[in-house]
$ cat structure.txt   # compact mmCIF, C-alpha atoms and all ligand atoms
# COMPACT_ATOMS: atom_id res chain seq x y z
CA MET A 15 -40.23 39.30 -67.62
CA VAL A 16 -39.01 41.60 -64.89
CA ILE A 17 -37.12 39.86 -62.14
CA SER A 18 -35.56 41.13 -58.92
CA THR A 19 -32.34 40.12 -57.19
CA GLU A 20 -34.49 39.03 -54.20
CA GLU A 21 -36.22 36.48 -56.42
CA ILE A 22 -32.86 35.17 -57.60
CA TRP A 23 -31.65 34.82 -54.00
CA GLY A 24 -34.85 32.80 -53.48
CA TYR A 25 -34.03 30.51 -56.42
CA LEU A 26 -30.50 30.01 -55.09
CA GLU A 27 -32.10 28.60 -51.92
CA GLU A 28 -33.00 25.65 -54.16
CA VAL A 29 -29.37 24.92 -55.13
CA PHE A 30 -27.77 22.43 -52.78
CA ASP A 31 -24.15 21.76 -51.84
CA PRO A 32 -23.26 18.51 -53.65
CA GLU A 33 -21.22 17.25 -50.69
CA VAL A 34 -23.50 18.30 -47.82
CA PRO A 35 -26.87 18.05 -49.56
CA VAL A 36 -28.92 19.48 -46.67
CA LEU A 37 -27.22 22.87 -47.11
CA THR A 38 -28.12 25.31 -49.84
CA VAL A 39 -25.39 27.41 -51.39
CA VAL A 40 -26.95 30.36 -49.53
CA ASP A 41 -26.76 28.55 -46.14
CA LEU A 42 -23.14 27.73 -46.89
CA GLY A 43 -22.35 31.41 -47.45
CA VAL A 44 -20.55 30.88 -50.75
CA VAL A 45 -22.87 33.22 -52.69
CA ARG A 46 -21.40 36.69 -52.21
CA LYS A 47 -23.36 38.81 -54.67
CA VAL A 48 -26.24 38.73 -57.13
CA GLU A 49 -26.33 41.46 -59.78
CA LEU A 50 -28.76 42.20 -62.58
CA ASP A 51 -28.10 44.23 -65.69
CA GLY A 52 -31.13 44.12 -67.97
CA ASP A 53 -31.71 40.40 -68.49
CA ALA A 54 -28.11 39.50 -67.64
CA CYS A 55 -27.61 37.97 -64.23
CA LYS A 56 -24.22 37.69 -62.52
CA VAL A 57 -23.77 35.53 -59.44
CA THR A 58 -20.51 35.88 -57.51
CA ILE A 59 -19.35 32.92 -55.44
CA THR A 60 -16.26 32.15 -53.38
CA PRO A 61 -14.67 28.72 -52.79
CA THR A 62 -14.73 27.13 -49.34
CA TYR A 63 -11.30 25.45 -49.70
CA SER A 64 -8.75 26.07 -52.48
CA GLY A 65 -9.02 22.56 -53.82
CA CYS A 66 -12.72 22.01 -53.17
CA PRO A 67 -13.88 19.83 -56.07
CA ALA A 68 -17.49 20.85 -55.47
CA MET A 69 -17.03 24.43 -56.71
CA LYS A 70 -17.28 23.58 -60.42
CA ARG A 71 -20.38 21.55 -59.74
CA ILE A 72 -21.91 24.41 -57.74
CA GLU A 73 -21.26 26.80 -60.65
CA ASP A 74 -22.99 24.45 -63.08
CA ASP A 75 -25.90 23.83 -60.70
CA ILE A 76 -26.51 27.58 -60.28
CA VAL A 77 -26.61 28.13 -64.05
CA GLU A 78 -28.91 25.15 -64.51
CA LYS A 79 -31.30 26.17 -61.72
CA LEU A 80 -31.64 29.73 -62.99
CA LYS A 81 -32.22 28.45 -66.54
CA GLU A 82 -34.98 26.25 -65.17
CA LYS A 83 -36.51 29.46 -63.73
CA GLY A 84 -36.39 31.12 -67.13
CA ILE A 85 -33.20 33.14 -66.67
CA GLU A 86 -31.02 32.32 -69.66
CA ASN A 87 -28.25 34.86 -69.43
CA VAL A 88 -26.31 33.80 -66.34
CA THR A 89 -22.62 34.12 -65.53
CA VAL A 90 -21.02 32.78 -62.37
CA ASP A 91 -17.91 34.58 -61.17
CA LEU A 92 -15.50 32.92 -58.78
CA VAL A 93 -13.66 35.34 -56.47
CA LEU A 94 -11.03 34.53 -53.83
CA ALA A 95 -11.27 37.67 -51.72
CA PRO A 96 -12.53 38.07 -49.10
CA ALA A 97 -11.77 34.47 -48.24
CA TRP A 98 -14.65 32.27 -47.13
CA THR A 99 -15.00 31.61 -43.42
CA THR A 100 -17.30 29.28 -41.50
CA ASP A 101 -18.66 32.43 -39.81
CA TRP A 102 -20.67 32.87 -43.04
CA LEU A 103 -22.61 29.66 -42.47
CA SER A 104 -26.15 30.77 -41.70
CA GLU A 105 -27.80 29.91 -38.36
CA ASN A 106 -30.33 27.96 -40.36
CA GLY A 107 -27.46 26.11 -42.00
CA LYS A 108 -25.91 25.20 -38.64
CA ARG A 109 -29.23 23.81 -37.42
CA LYS A 110 -29.67 21.76 -40.59
CA LEU A 111 -26.14 20.38 -40.28
CA LYS A 112 -26.79 19.11 -36.76
CA GLU A 113 -30.09 17.50 -37.78
CA TYR A 114 -28.23 15.78 -40.61
CA GLY A 115 -25.71 14.32 -38.13
CA ILE A 116 -22.81 16.70 -38.80
CA ALA A 117 -21.61 18.76 -35.82
CA PRO A 118 -21.61 22.47 -36.80
CA PRO A 119 -18.45 24.57 -36.35
CA GLU A 120 -17.56 25.54 -32.79
CA ASN A 121 -15.97 28.82 -31.85
CA GLU A 122 -12.33 27.69 -32.12
CA PRO A 123 -9.15 29.48 -31.13
CA ASP A 124 -6.63 30.14 -33.88
CA LYS A 125 -5.23 26.95 -35.40
CA SER A 126 -1.73 28.33 -35.23
CA VAL A 127 -1.67 27.85 -31.47
CA LEU A 128 0.34 24.69 -31.07
CA PHE A 129 -0.34 22.49 -28.05
CA ALA A 130 -3.68 24.28 -27.47
CA GLU A 131 -6.42 22.66 -25.39
CA PRO A 132 -8.59 20.54 -27.67
CA ILE A 133 -12.03 22.01 -28.33
CA VAL A 134 -15.25 20.34 -27.21
CA VAL A 135 -17.46 19.20 -30.08
CA PRO A 136 -20.81 17.92 -28.79
CA CYS A 137 -22.20 14.75 -30.37
CA PRO A 138 -24.92 15.66 -32.91
CA LYS A 139 -26.90 12.51 -31.96
CA CYS A 140 -26.96 12.49 -28.13
CA ASP A 141 -25.49 15.94 -27.31
CA SER A 142 -22.82 14.39 -25.07
CA LYS A 143 -19.75 16.56 -24.64
CA ASP A 144 -17.59 13.48 -24.14
CA THR A 145 -16.30 13.07 -27.69
CA ARG A 146 -12.87 12.58 -29.24
CA LEU A 147 -11.09 13.72 -32.37
CA VAL A 148 -10.30 10.76 -34.61
CA SER A 149 -8.72 12.77 -37.42
CA GLN A 150 -8.38 16.45 -38.22
CA PHE A 151 -9.12 15.54 -41.86
CA GLY A 152 -12.42 13.89 -42.68
CA SER A 153 -14.40 12.77 -45.70
CA THR A 154 -14.10 16.19 -47.37
CA ALA A 155 -11.74 19.16 -46.93
CA CYS A 156 -14.25 20.98 -44.71
CA LYS A 157 -14.77 18.20 -42.17
CA ALA A 158 -12.92 16.52 -39.32
CA HIS A 159 -13.71 13.05 -38.03
CA TYR A 160 -14.94 12.58 -34.43
CA GLN A 161 -16.43 9.84 -32.31
CA CYS A 162 -18.83 10.07 -29.36
CA ASN A 163 -17.55 8.27 -26.24
CA ASP A 164 -21.10 7.90 -24.85
CA CYS A 165 -23.25 6.64 -27.72
CA LEU A 166 -20.19 5.57 -29.81
CA GLU A 167 -21.56 7.32 -32.89
CA PRO A 168 -18.78 8.23 -35.36
CA PHE A 169 -19.57 11.65 -36.82
CA ASP A 170 -18.28 14.41 -39.05
CA TYR A 171 -17.50 17.83 -37.63
CA PHE A 172 -17.77 20.82 -39.99
CA LYS A 173 -14.54 22.42 -38.88
CA CYS A 174 -14.05 26.05 -38.12
CA LEU A 175 -12.17 27.94 -40.85
CA ARG A 176 -11.13 31.50 -40.19
CA MET B 15 14.03 42.66 -63.56
CA GLU B 16 11.46 41.77 -66.15
CA ASN B 17 9.05 38.94 -65.42
CA ALA B 18 9.97 38.85 -61.74
CA LEU B 19 6.33 38.48 -60.79
CA PHE B 20 5.79 35.57 -63.19
CA GLU B 21 8.95 33.91 -61.92
CA TYR B 22 7.86 34.32 -58.30
CA LEU B 23 4.42 32.90 -59.03
CA LEU B 24 6.04 29.82 -60.56
CA ARG B 25 8.13 29.33 -57.42
CA LEU B 26 5.06 29.62 -55.23
CA GLY B 27 2.84 27.50 -57.49
CA ASP B 28 5.42 24.80 -58.19
CA ASP B 29 6.01 24.24 -54.47
CA SER B 30 2.28 23.61 -54.10
CA LEU B 31 1.96 21.47 -57.23
CA ILE B 32 4.95 19.20 -56.67
CA LEU B 33 4.32 18.66 -52.96
CA GLY B 34 0.63 18.15 -53.74
CA HIS B 35 1.60 15.50 -56.28
CA ARG B 36 3.96 13.79 -53.85
CA LEU B 37 1.22 13.61 -51.22
CA SER B 38 -1.25 12.24 -53.78
CA GLU B 39 1.09 9.24 -54.16
CA TRP B 40 -0.07 8.22 -50.68
CA CYS B 41 -3.64 7.74 -51.89
CA GLY B 42 -4.54 4.15 -51.00
CA HIS B 43 -1.18 3.57 -49.27
CA GLY B 44 -1.57 5.46 -45.96
CA PRO B 45 -0.46 3.65 -42.80
CA ILE B 46 -3.97 4.03 -41.38
CA LEU B 47 -7.20 5.06 -43.09
CA GLU B 48 -7.35 8.43 -41.28
CA GLU B 49 -3.89 9.39 -42.47
CA ASP B 50 -4.58 8.19 -45.99
CA ILE B 51 -7.46 10.67 -46.00
CA ALA B 52 -5.46 13.39 -44.24
CA LEU B 53 -2.53 13.27 -46.68
CA THR B 54 -4.82 13.36 -49.71
CA ASN B 55 -6.74 16.27 -48.12
CA LEU B 56 -3.46 18.17 -47.84
CA SER B 57 -2.72 17.25 -51.44
CA LEU B 58 -6.07 18.62 -52.56
CA ASP B 59 -5.48 21.94 -50.75
CA LEU B 60 -2.03 22.28 -52.31
CA ILE B 61 -3.18 21.46 -55.83
CA GLY B 62 -6.09 23.89 -55.38
CA GLN B 63 -3.60 26.59 -54.39
CA ALA B 64 -1.45 25.76 -57.43
CA THR B 65 -4.50 26.12 -59.69
CA ALA B 66 -5.22 29.64 -58.44
CA ILE B 67 -1.55 30.66 -58.59
CA PHE B 68 -1.00 29.31 -62.12
CA GLU B 69 -4.23 30.85 -63.39
CA TYR B 70 -2.89 34.22 -62.26
CA ALA B 71 0.65 33.45 -63.52
CA GLY B 72 -0.78 32.78 -66.98
CA LYS B 73 -2.45 36.20 -66.99
CA VAL B 74 0.72 37.91 -65.77
CA GLU B 75 2.78 36.23 -68.47
CA GLY B 76 0.28 37.29 -71.14
CA LYS B 77 1.01 34.49 -73.60
CA GLY B 78 -2.34 32.81 -73.25
CA ARG B 79 -1.11 29.88 -71.15
CA SER B 80 -3.74 28.36 -68.87
CA GLU B 81 -3.19 26.87 -65.41
CA ASP B 82 -3.17 23.41 -67.00
CA ASP B 83 -0.57 24.45 -69.60
CA LEU B 84 1.68 25.64 -66.81
CA ALA B 85 1.14 22.56 -64.68
CA PHE B 86 1.50 19.93 -67.39
CA LEU B 87 3.42 21.33 -70.35
CA ARG B 88 6.72 22.60 -69.06
CA PHE B 89 10.08 20.82 -69.08
CA ASP B 90 11.93 19.97 -65.87
CA LYS B 91 14.26 22.98 -66.05
CA ASP B 92 11.24 25.30 -66.16
CA TYR B 93 9.95 24.13 -62.76
CA ARG B 94 10.95 26.36 -59.85
CA ASN B 95 10.00 24.30 -56.81
CA LEU B 96 12.24 23.70 -53.78
CA LEU B 97 14.31 20.52 -53.86
CA LEU B 98 12.72 19.69 -50.49
CA VAL B 99 9.25 19.13 -51.97
CA GLU B 100 10.48 16.76 -54.68
CA ARG B 101 12.16 14.45 -52.16
CA PRO B 102 10.69 10.95 -52.32
CA ASN B 103 7.96 10.11 -49.80
CA GLY B 104 10.04 7.47 -48.00
CA ASP B 105 8.18 6.08 -45.00
CA PHE B 106 5.38 7.97 -43.24
CA GLY B 107 7.96 9.60 -40.94
CA VAL B 108 9.93 11.05 -43.87
CA THR B 109 6.74 12.40 -45.46
CA ILE B 110 5.68 14.01 -42.17
CA MET B 111 9.11 15.54 -41.50
CA ARG B 112 9.23 16.99 -45.05
CA GLN B 113 5.72 18.36 -44.54
CA PHE B 114 6.57 19.87 -41.18
CA LEU B 115 9.69 21.71 -42.42
CA PHE B 116 7.61 23.06 -45.32
CA ASP B 117 4.47 23.98 -43.32
CA ALA B 118 6.54 25.80 -40.70
CA TYR B 119 7.79 28.01 -43.56
CA ARG B 120 4.55 28.33 -45.53
CA LYS B 121 2.44 29.61 -42.65
CA PRO B 122 4.59 32.66 -41.81
CA LEU B 123 5.17 33.19 -45.56
CA PHE B 124 1.42 33.46 -46.25
CA GLU B 125 0.99 35.62 -43.15
CA ARG B 126 3.36 38.10 -44.82
CA LEU B 127 1.99 37.76 -48.36
CA VAL B 128 -1.45 38.76 -47.06
CA ASN B 129 0.03 42.29 -47.00
CA SER B 130 1.32 42.15 -50.58
CA SER B 131 0.70 45.23 -52.73
CA ASP B 132 -0.46 42.75 -55.38
CA GLU B 133 -4.15 42.16 -54.65
CA MET B 134 -4.27 38.74 -56.24
CA ILE B 135 -1.28 37.44 -54.27
CA ALA B 136 -2.83 38.86 -51.09
CA ALA B 137 -6.12 37.08 -51.85
CA ILE B 138 -4.47 33.74 -52.63
CA ALA B 139 -2.37 34.05 -49.45
CA ALA B 140 -5.38 34.84 -47.27
CA LYS B 141 -7.19 31.80 -48.62
CA SER B 142 -4.19 29.46 -48.38
CA LEU B 143 -3.19 30.63 -44.91
CA LYS B 144 -6.35 29.24 -43.36
CA GLU B 145 -5.61 25.82 -44.84
CA THR B 146 -1.91 25.93 -44.01
CA LYS B 147 -2.65 26.43 -40.31
CA TYR B 148 -4.35 23.04 -40.32
CA HIS B 149 -1.45 21.51 -42.22
CA LEU B 150 1.11 22.78 -39.71
CA LYS B 151 -0.95 21.60 -36.77
CA HIS B 152 -1.25 18.16 -38.32
CA SER B 153 2.44 17.78 -39.22
CA SER B 154 3.82 19.19 -35.96
CA GLU B 155 1.59 16.96 -33.84
CA TRP B 156 2.83 13.91 -35.76
CA VAL B 157 6.46 14.97 -35.47
CA ILE B 158 6.02 15.15 -31.69
CA ARG B 159 4.05 11.92 -31.45
CA LEU B 160 6.57 9.93 -33.49
CA GLY B 161 9.74 11.67 -32.28
CA ASP B 162 8.74 11.25 -28.65
CA GLY B 163 7.27 7.81 -29.36
CA THR B 164 8.94 4.40 -29.43
CA GLU B 165 12.64 3.87 -30.00
CA GLU B 166 11.86 2.75 -33.55
CA SER B 167 9.69 5.77 -34.41
CA HIS B 168 12.16 8.13 -32.75
CA ASN B 169 15.09 6.77 -34.78
CA ARG B 170 13.16 6.94 -38.01
CA MET B 171 12.21 10.58 -37.37
CA GLN B 172 15.78 11.47 -36.50
CA ASP B 173 17.00 9.78 -39.72
CA ALA B 174 14.38 11.68 -41.70
CA LEU B 175 15.47 14.97 -40.15
CA ASN B 176 19.16 14.21 -40.78
CA ASP B 177 18.41 13.48 -44.42
CA LEU B 178 16.10 16.43 -45.11
CA TRP B 179 17.95 19.10 -43.15
CA LYS B 180 20.31 19.98 -46.01
CA TYR B 181 17.33 20.98 -48.15
CA ALA B 182 15.85 23.34 -45.55
CA ALA B 183 18.18 26.28 -46.24
CA GLU B 184 16.67 26.66 -49.72
CA LEU B 185 13.38 27.73 -48.10
CA PHE B 186 15.04 31.11 -47.60
CA TYR B 187 16.77 31.35 -50.97
CA GLU B 188 16.61 34.88 -52.37
CA ASP B 189 17.87 36.46 -55.56
CA GLU B 190 17.08 39.36 -57.92
CA VAL B 191 13.49 38.12 -58.29
CA ASP B 192 12.85 38.77 -54.60
CA ALA B 193 14.78 42.05 -54.68
CA THR B 194 12.66 43.37 -57.57
CA LEU B 195 9.41 42.38 -55.91
CA LYS B 196 10.46 43.77 -52.55
CA ALA B 197 11.16 47.12 -54.16
CA SER B 198 7.61 47.28 -55.48
CA GLY B 199 5.98 46.03 -52.28
CA VAL B 200 4.70 42.82 -53.92
CA LEU B 201 6.88 41.07 -51.37
CA PRO B 202 6.38 42.77 -48.01
CA ASP B 203 9.00 42.68 -45.30
CA MET B 204 10.37 39.13 -45.08
CA ASP B 205 13.08 39.83 -42.50
CA SER B 206 11.69 37.84 -39.62
CA LEU B 207 10.48 34.92 -41.79
CA LYS B 208 13.52 32.75 -41.15
CA SER B 209 13.68 33.44 -37.41
CA GLU B 210 10.00 32.62 -37.06
CA TRP B 211 10.57 29.33 -38.90
CA GLU B 212 13.54 28.56 -36.65
CA GLN B 213 11.47 29.23 -33.54
CA THR B 214 8.69 26.87 -34.64
CA VAL B 215 11.11 24.17 -35.75
CA THR B 216 13.21 24.38 -32.59
CA ALA B 217 10.18 24.28 -30.28
CA VAL B 218 8.54 21.32 -32.02
CA LEU B 219 11.74 19.30 -32.45
CA GLU B 220 12.61 19.86 -28.80
CA GLU B 221 9.18 18.62 -27.73
CA ALA B 222 9.73 15.66 -30.07
CA THR B 223 13.13 14.93 -28.42
CA LEU B 224 14.80 15.24 -31.83
CA LYS B 225 18.21 16.83 -32.42
CA ILE B 226 18.88 19.39 -35.13
CA PRO B 227 21.77 18.00 -37.22
CA GLU B 228 25.11 19.71 -36.77
CA ASN B 229 26.07 19.18 -40.39
CA ASN B 230 25.29 22.45 -42.15
CA TRP B 231 25.84 21.30 -45.73
CA LYS B 232 23.25 23.03 -47.93
CA GLN B 233 21.79 21.76 -51.15
CA GLU B 234 19.89 24.15 -53.40
CA GLY B 235 19.08 24.69 -57.07
CA GLY B 236 15.32 24.25 -57.48
CA ARG B 237 14.57 27.97 -57.60
CA LYS B 238 16.82 28.21 -60.67
CA GLY B 239 15.44 25.08 -62.32
CA LEU B 240 18.30 22.78 -61.29
CA HIS B 241 16.59 19.73 -59.89
CA THR B 242 17.44 16.31 -58.52
CA GLU B 243 16.67 13.28 -60.67
CA HIS B 244 13.46 12.78 -58.70
CA LEU B 245 11.61 15.60 -60.47
CA GLY B 246 11.95 13.79 -63.80
CA TYR B 247 10.08 10.78 -62.44
CA ILE B 248 7.40 13.00 -60.92
CA LEU B 249 6.85 14.80 -64.23
CA ALA B 250 6.77 11.52 -66.16
CA GLU B 251 3.74 10.53 -64.11
CA LEU B 252 2.20 13.98 -63.69
CA GLN B 253 2.39 14.84 -67.40
CA TYR B 254 1.71 11.41 -68.89
CA MET B 255 -1.87 12.01 -70.03
CA GLN B 256 -1.18 15.43 -71.58
CA ARG B 257 1.90 14.13 -73.39
CA ALA B 258 0.26 10.95 -74.63
CA TYR B 259 -3.02 12.61 -75.61
CA PRO B 260 -2.23 16.30 -76.23
CA ASN B 261 -5.05 18.72 -75.31
CA MET B 262 -7.18 15.97 -73.81
CA GLU B 263 -9.94 17.14 -71.44
CA TRP B 264 -12.49 15.50 -69.22
ZN ZN A 301 -23.32 10.59 -28.81

$ encode --input "structure.txt" --output "structure tokens" --more "lines below"
Ligand SMILES: [Zn+2]
Amino acid sequence: MVISTEEIWGYLEEVFDPEVPVLTVVDLGVVRKVELDGDACKVTITPTYSGCPAMKRIEDDIVEKLKEKGIENVTVDLVLAPAWTTDWLSENGKRKLKEYGIAPPENEPDKSVLFAEPIVVPCPKCDSKDTRLVSQFGSTACKAHYQCNDCLEPFDYFKCLR
Amino acid sequence: MENALFEYLLRLGDDSLILGHRLSEWCGHGPILEEDIALTNLSLDLIGQATAIFEYAGKVEGKGRSEDDLAFLRFDKDYRNLLLVERPNGDFGVTIMRQFLFDAYRKPLFERLVNSSDEMIAAIAAKSLKETKYHLKHSSEWVIRLGDGTEESHNRMQDALNDLWKYAAELFYEDEVDATLKASGVLPDMDSLKSEWEQTVTAVLEEATLKIPENNWKQEGGRKGLHTEHLGYILAELQYMQRAYPNMEW
């Protein structure tokens, strides 16, 4: 069986993030490289956050998915550099996040600016810009917790990491 | 100096591990749900950083020790963390003040380590820096909110600062390990690190209406493996499973 890296990228579109199950690992931007050497396939991924517990699961899911597609010889390499950034989230991924009820990352100024003006995160349900930050740290490392002042919906915000 | 790199990695990794463990003690005990989640998120970032640092330290050492071996199977004198990070959690104010003094140092430290001649240290620093910016924002906002809050919260924050201040000088401890690594460019120019920390600390404490203690007594020892009694209790809990059931995995 001759297989191309394009086909493998296609298969990876069927591997979902265990914590945000509407996003594929490709949408999330954690897959950095796919290489083929004969029948050996190497997939290079990068963690979102240092302590993200989902990374091990993502590794296993990639191996399992490719096995299911008949590719037996798979290694998954975890690299730290260059460091993941939310700029690598695909446009498709951002749209899917919003539909799922998670506000996608806004273009934020550098976090190191103390006393900076808070950013506006529109409500993913009613699009109101009148929302408030409840906590900078949400249900997972990559999310902050917000609430809409108009429709009162509490929602997660996929925070900007650069 | 031989093994300077390994030694430095332990210092860096142990700060992350021990503070990460301390913060994990808040799990289920936070003053409000949001902060319970925030403190454990910080813990997760720090333990994740420790994992990457120890994995690399094991390779540098070349004796086949894994990140878990380094985290769980050393004796107290082999840990190189700052005394500051092993201080007990105290109340929420103490935890936040400890975190703030540490974050204000870690952010400019990682900003410098990004330029390390050692590619792995540069990569770990680049990754950790992004997280540390959030940590510093979180801790400094709380220091201001509580310091410039009620009389009760103000007094508690001032007490916390008075107690922790003597451990802050150790943040800038340097010895032959640093000298060796500076010579090889693994540690880039650190000259302005302390003044940057002082600027951040002064600005935030001023905004928080808190006074920097005049007592300049300094307590150090952690970088050389001389710890307070608190580390023993941390290790008893941290290492329990590996000591009771050697080589266990799940
Ligand atoms: Zn709304």

$ closest_residue --input "structure.txt" --among "A:Gly52, A:Pro168, A:Pro136, A:Gly152" --to "chain B" --atoms "all atoms listed in the file"
A:Gly152

$ residues_near_ligand --input "structure.txt" --ligand "ligand ZN 301 (chain A)" --cutoff "10 Å" --atoms "only C-alpha atoms and all ligand atoms" --output "NGL selection string"
:A and (136-145 or 161-169)

$ closest_residue --input "structure.txt" --among "A:Arg46, A:Arg146, A:His159, A:Lys112" --to "chain B" --atoms "only C-alpha atoms"
A:His159

$ atom_distance --input "structure.txt" --atom1 "CA of Pro260 in chain B" --atom2 "CA of Ile248 in chain B"
18.4 Å

$ residues_around --input "structure.txt" --residues "range 96-108 of chain B" --least-positions-apart "5" --cutoff "9 Å" --atoms "all atoms listed in the file" --output "PyMOL selection string"
chain B and resi 25+28-30+32-34+36-37+39-40+44-45+113+115-116+156-157+160+167+170-171+173-175+177-178+180-182+184-185+233-237+240-242+244-245+248

$ closest_atom_pairs --input "structure.txt" --of "chain B" --to "chain A" --cutoff "6 Å" --atoms "only C-alpha atoms" --output "tab-separated table"
residue	atom	partner	partner_atom	distance
B:Glu48	CA	A:Ser149	CA	6.0
B:Ala52	CA	A:Phe151	CA	4.9
B:Asn55	CA	A:Ala155	CA	5.9
B:Leu58	CA	A:Gly65	CA	5.1
B:Asp59	CA	A:Gly65	CA	4.7
B:Gly62	CA	A:Gly65	CA	3.6
B:Gln63	CA	A:Ser64	CA	5.5
B:Ala137	CA	A:Ala95	CA	5.2
B:Lys141	CA	A:Ala97	CA	5.3
B:Lys147	CA	A:Ser126	CA	5.5

$ atom_distance --input "structure.txt" --atom1 "CA of Glu75 in chain B" --atom2 "CA of Ala193 in chain B"
19.2 Å

$ axis_aligned_box --input "structure.txt" --around "range 87-104 of chain A" --padding-each-side "8 Å" --output "lines of an AutoDock Vina configuration file"
center_x = -19.6
center_y = 33.7
center_z = -54.6
size_x = 33.2
size_y = 24.8
size_z = 45.6

$ atom_distance --input "structure.txt" --atom1 "CA of Asp92 in chain B" --atom2 "CA of Leu24 in chain B"
8.9 Å

$ residues_around --input "structure.txt" --residues "Gly107 in chain A" --least-positions-apart "6" --cutoff "8 Å" --atoms "only C-alpha atoms" --output "list in words"
Leu37, Thr38, Asp41 and Leu42 of chain A

$ residues_around --input "structure.txt" --residues "Ala217 in chain B" --least-positions-apart "3" --cutoff "12 Å" --atoms "all atoms listed in the file" --output "VMD selection string"
(chain A and resid 128 to 129) or (chain B and resid 118 154 to 155 157 to 158 210 to 214 220 to 226)

$ residues_near_point --input "structure.txt" --point "(-14.4, 20.6, -30.0)" --cutoff "9 Å" --atoms "all atoms listed in the file" --output "ChimeraX atom specification"
/A:119-122,132-136,143,145-147,171

$ closest_residue --input "structure.txt" --among "A:Val16, A:Val34, A:Leu50, A:Leu92" --to "Lys70 in chain A" --atoms "only C-alpha atoms"
A:Leu92

$ residues_around --input "structure.txt" --residues "range 76-89 of chain B" --least-positions-apart "5" --cutoff "7 Å" --atoms "all atoms listed in the file" --output "JSON, numbers by chain"
{"B": [65, 68, 69, 253, 256]}

$ residues_around --input "structure.txt" --residues "Ser153 in chain B" --least-positions-apart "3" --cutoff "6 Å" --atoms "all atoms listed in the file" --output "list in words"
Ile110, Phe114, Leu150 and Trp156 of chain B

$ closest_residue --input "structure.txt" --among "B:Asn261, B:Asn230, B:Ser57, B:Ser198" --to "Glu145 in chain B" --atoms "all atoms listed in the file"
B:Ser57

$ build_atoms --input "structure.txt" --residues "range 191-195 of chain B" --atoms "all heavy atoms" --output "mmCIF file, in the coordinates of the input"
data_model
loop_
_atom_site.group_PDB
_atom_site.id
_atom_site.type_symbol
_atom_site.label_atom_id
_atom_site.label_comp_id
_atom_site.auth_asym_id
_atom_site.auth_seq_id
_atom_site.Cartn_x
_atom_site.Cartn_y
_atom_site.Cartn_z
ATOM 1 N N VAL B 191 14.951 38.182 -58.187
ATOM 2 C CA VAL B 191 13.490 38.120 -58.290
ATOM 3 C C VAL B 191 12.874 38.722 -57.021
ATOM 4 O O VAL B 191 11.989 39.586 -57.080
ATOM 5 C CB VAL B 191 13.018 36.645 -58.452
ATOM 6 C CG1 VAL B 191 11.507 36.539 -58.314
ATOM 7 C CG2 VAL B 191 13.477 36.094 -59.797
ATOM 8 N N ASP B 192 13.367 38.262 -55.881
ATOM 9 C CA ASP B 192 12.850 38.770 -54.600
ATOM 10 C C ASP B 192 13.159 40.260 -54.435
ATOM 11 O O ASP B 192 12.307 41.025 -53.974
ATOM 12 C CB ASP B 192 13.464 37.981 -53.449
ATOM 13 C CG ASP B 192 13.223 36.493 -53.599
ATOM 14 O OD1 ASP B 192 13.948 35.853 -54.390
ATOM 15 O OD2 ASP B 192 12.293 35.976 -52.967
ATOM 16 N N ALA B 193 14.381 40.645 -54.832
ATOM 17 C CA ALA B 193 14.780 42.050 -54.680
ATOM 18 C C ALA B 193 13.846 42.966 -55.473
ATOM 19 O O ALA B 193 13.376 43.992 -54.968
ATOM 20 C CB ALA B 193 16.220 42.231 -55.135
ATOM 21 N N THR B 194 13.556 42.574 -56.721
ATOM 22 C CA THR B 194 12.660 43.370 -57.570
ATOM 23 C C THR B 194 11.281 43.498 -56.930
ATOM 24 O O THR B 194 10.697 44.581 -56.882
ATOM 25 C CB THR B 194 12.519 42.712 -58.956
ATOM 26 O OG1 THR B 194 13.816 42.483 -59.483
ATOM 27 C CG2 THR B 194 11.715 43.591 -59.899
ATOM 28 N N LEU B 195 10.769 42.376 -56.456
ATOM 29 C CA LEU B 195 9.410 42.380 -55.910
ATOM 30 C C LEU B 195 9.331 43.075 -54.556
ATOM 31 O O LEU B 195 8.302 43.617 -54.178
ATOM 32 C CB LEU B 195 8.863 40.957 -55.830
ATOM 33 C CG LEU B 195 8.722 40.244 -57.178
ATOM 34 C CD1 LEU B 195 8.197 38.837 -56.974
ATOM 35 C CD2 LEU B 195 7.795 41.011 -58.128
#
